[in-house]
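Asker: After the structure tokens below, expect a handful of questions from me.
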Amino acid sequence: MTQPPQWQPGPPPPTTTKPAAGLWIALRIVGTAIGALFLLLAVSFLITDPLFLSGALMVAIAWPLLYFSLVVPILKRRNRATAAAATPPGNRAGTVLRNLAIGVAAPFALLVLAGALDVAVHYDELEVYGAETGTSVQATPASPPPPTESTAAPAPLTFSESMVRAHGVSKEHKGGQSNVRYVAGTDDAEQVKTLQKQCVQHYLEKTKAAYCYGYANDADYALTTIEWDAEFDESAYGGGRPCWIVYGGQPLNGPPGTETGKEAYEYTRIGCPGAVRFPGQPVPAPAAAPTGPPAPAVPAHNPCALLEPSTLTAGGFEERTAAAPGAPDEFARGDTRATYVCGNADSGVVIEIALLTSPEAARAQADDATSAEQTFLINTGTRVPFDATRGGAKIVNTKLGISRISWSNGPYAVQLDVMTDPVIAGLTPKHPLERIDTMVDATVQHADQLLTSGTW
């Protein structure tokens, strides 16, 4: 009977020749040296750079070089010294996967984590120091721009310090960063951008870094948000005066710099008053002839008139207020023809007035906003319905620090939201129930008077 073939050991694997072994040793030495260099660069970036991403990028480059050039050979020698037999094929595959996870996937995960931390912790710094990525934060049109109006090119302008409206210096211990805001005195957005580059170069002669915000005219510069205060003008952030046309500059670690330009739709959306001309704006199409009766005009109102500064102060809130940007009918939908919104500086008090198509629709909206189904607020608070002429109700909850009041007045439905410091047993409350209740009642009475008279 024929015996099955027996397993015979194969020839031993060929040993690596000395020249090949020498080449691998040389490559590992070079990889280790380069990895160590990038590791030193990472330490330097982490010390001098306000963002995490630059240092994390250097670590991500150094990590695989050091791991595969230094750590893996050491682990292989240790395995040979402790294992008498060759590593089974399954273990070899596991070793390869482990090396890929540690040497490739781990540094990639580090980059993702560093980017997320920069967005969460250093969002404003990331916006200002976008130069470190070498990219400009500008939208790229998906299609060719529409035809533009034919206009003669204006005469070029030259930057001068007479254009500067505000100038501050920060980070002086690192060589200084100039934070500049200038007014170009032109309605041409492209000229404002040209001056921004000149502004940066001018102030780089004075400090190691420089950032310039360019405004077209004094009307745009004068528009401020509710968060603005005098310190904003000397900082690196432009949110307090939002009608800039372009900002950018050069960071402390040198070029490349960054430049961010505002698009025409953003300028219009904010409500900037300067009437700036942007490149690529389409030629206005002729208005179509009306085919039916014109829609009723949306009245102009000032929602902040419904919030009395003295009442806010008495309630323990910031008295400065500002209306939400945009046209009241921008988000008209269904029965809602227009919406007017105003809030105070600490966002503790916000009032929203909706103009609806009928008093019945306004009453229904007010009832729904503070209905008995709002158990989340009612269970630990108080709910007091208004009379039949107003509808809606007053819900005050000092335990959660959330109060909501809604009522109607003719075609207007009003919602007042108040955010307070929660009342904690044993501590003196900043916003006790009596104080909030008094402020809410005074606000409702004042707002109703203006809504009835139409003088707001």
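Letters for chains follow the order of the structure tokens (A, B, ...), residue numbers begin at 1 for each chain, and ligand numbers begin at 1 in the order shown.
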Using backbone DSSP assignments, extract all alpha helix (DSSP H) residues from region 351-455 of chain A; output them as number ranges by chain.

Answerer: A: 359-369, 375-378, 433-453

Asker: Those same residues - C-alpha atoms - I'd like them written as a PDB file, in the first residue's frame.

Answerer:
```
ATOM      1  CA  PRO A 359     -54.921  87.988  14.279  1.00  0.00           C
ATOM      2  CA  GLU A 360     -56.249  84.424  14.487  1.00  0.00           C
ATOM      3  CA  ALA A 361     -52.953  83.025  13.133  1.00  0.00           C
ATOM      4  CA  ALA A 362     -50.982  85.184  15.589  1.00  0.00           C
ATOM      5  CA  ARG A 363     -53.103  83.981  18.514  1.00  0.00           C
ATOM      6  CA  ALA A 364     -52.612  80.327  17.482  1.00  0.00           C
ATOM      7  CA  GLN A 365     -48.837  80.773  17.279  1.00  0.00           C
ATOM      8  CA  ALA A 366     -48.694  82.441  20.707  1.00  0.00           C
ATOM      9  CA  ASP A 367     -50.789  79.657  22.252  1.00  0.00           C
ATOM     10  CA  ASP A 368     -48.581  76.975  20.755  1.00  0.00           C
ATOM     11  CA  ALA A 369     -45.306  78.520  21.984  1.00  0.00           C
ATOM     12  CA  THR A 375     -43.811  70.108  30.489  1.00  0.00           C
ATOM     13  CA  PHE A 376     -40.025  70.433  30.362  1.00  0.00           C
ATOM     14  CA  LEU A 377     -40.362  74.004  31.665  1.00  0.00           C
ATOM     15  CA  ILE A 378     -43.661  73.744  33.551  1.00  0.00           C
ATOM     16  CA  LEU A 433     -38.321  84.470  40.766  1.00  0.00           C
ATOM     17  CA  GLU A 434     -39.659  87.840  41.940  1.00  0.00           C
ATOM     18  CA  ARG A 435     -37.027  89.775  39.998  1.00  0.00           C
ATOM     19  CA  ILE A 436     -37.613  87.872  36.755  1.00  0.00           C
ATOM     20  CA  ASP A 437     -41.392  88.015  37.156  1.00  0.00           C
ATOM     21  CA  THR A 438     -41.298  91.788  37.633  1.00  0.00           C
ATOM     22  CA  MET A 439     -39.046  92.303  34.596  1.00  0.00           C
ATOM     23  CA  VAL A 440     -41.224  90.072  32.396  1.00  0.00           C
ATOM     24  CA  ASP A 441     -44.458  91.851  33.396  1.00  0.00           C
ATOM     25  CA  ALA A 442     -42.909  95.270  32.731  1.00  0.00           C
ATOM     26  CA  THR A 443     -41.595  94.139  29.338  1.00  0.00           C
ATOM     27  CA  VAL A 444     -44.954  92.685  28.272  1.00  0.00           C
ATOM     28  CA  GLN A 445     -46.793  95.873  29.283  1.00  0.00           C
ATOM     29  CA  HIS A 446     -44.287  98.148  27.513  1.00  0.00           C
ATOM     30  CA  ALA A 447     -44.209  96.024  24.351  1.00  0.00           C
ATOM     31  CA  ASP A 448     -48.008  95.824  24.187  1.00  0.00           C
ATOM     32  CA  GLN A 449     -48.310  99.609  24.313  1.00  0.00           C
ATOM     33  CA  LEU A 450     -45.943 100.033  21.363  1.00  0.00           C
ATOM     34  CA  LEU A 451     -47.520  97.185  19.376  1.00  0.00           C
ATOM     35  CA  THR A 452     -50.991  98.679  19.841  1.00  0.00           C
ATOM     36  CA  SER A 453     -49.879 102.176  18.807  1.00  0.00           C
TER      37      SER A 453
END
```

Asker: Could you name the residues that touch Gly31 (chain A) at 6 Å or less, counting only C-alpha atoms, but leaving out those on the same chain fewer than 4 positions away, as a list in words?

Answerer: Gly35, Leu65 and Ser69 of chain A

Asker: Name the closest residue to Leu400 (chain A) among the candidates A:Ala42, A:Ile424, A:Ile61, A:Leu75; distances are taken between atoms, counting only C-alpha atoms.

Answerer: A:Ile424

Asker: Nearest to Gln374 (chain A): which of A:Thr158, A:Asn397, A:Asn344, A:Thr357 is it, counting only C-alpha atoms?

Answerer: A:Asn397

Asker: Using only C-alpha atoms, which of A:Ile74, A:Thr225, A:Phe386, A:Pro325 sits nearest Glu266 (chain A)?

Answerer: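 That would be A:Pro325, the residue with the smallest distance to Glu266 (chain A).
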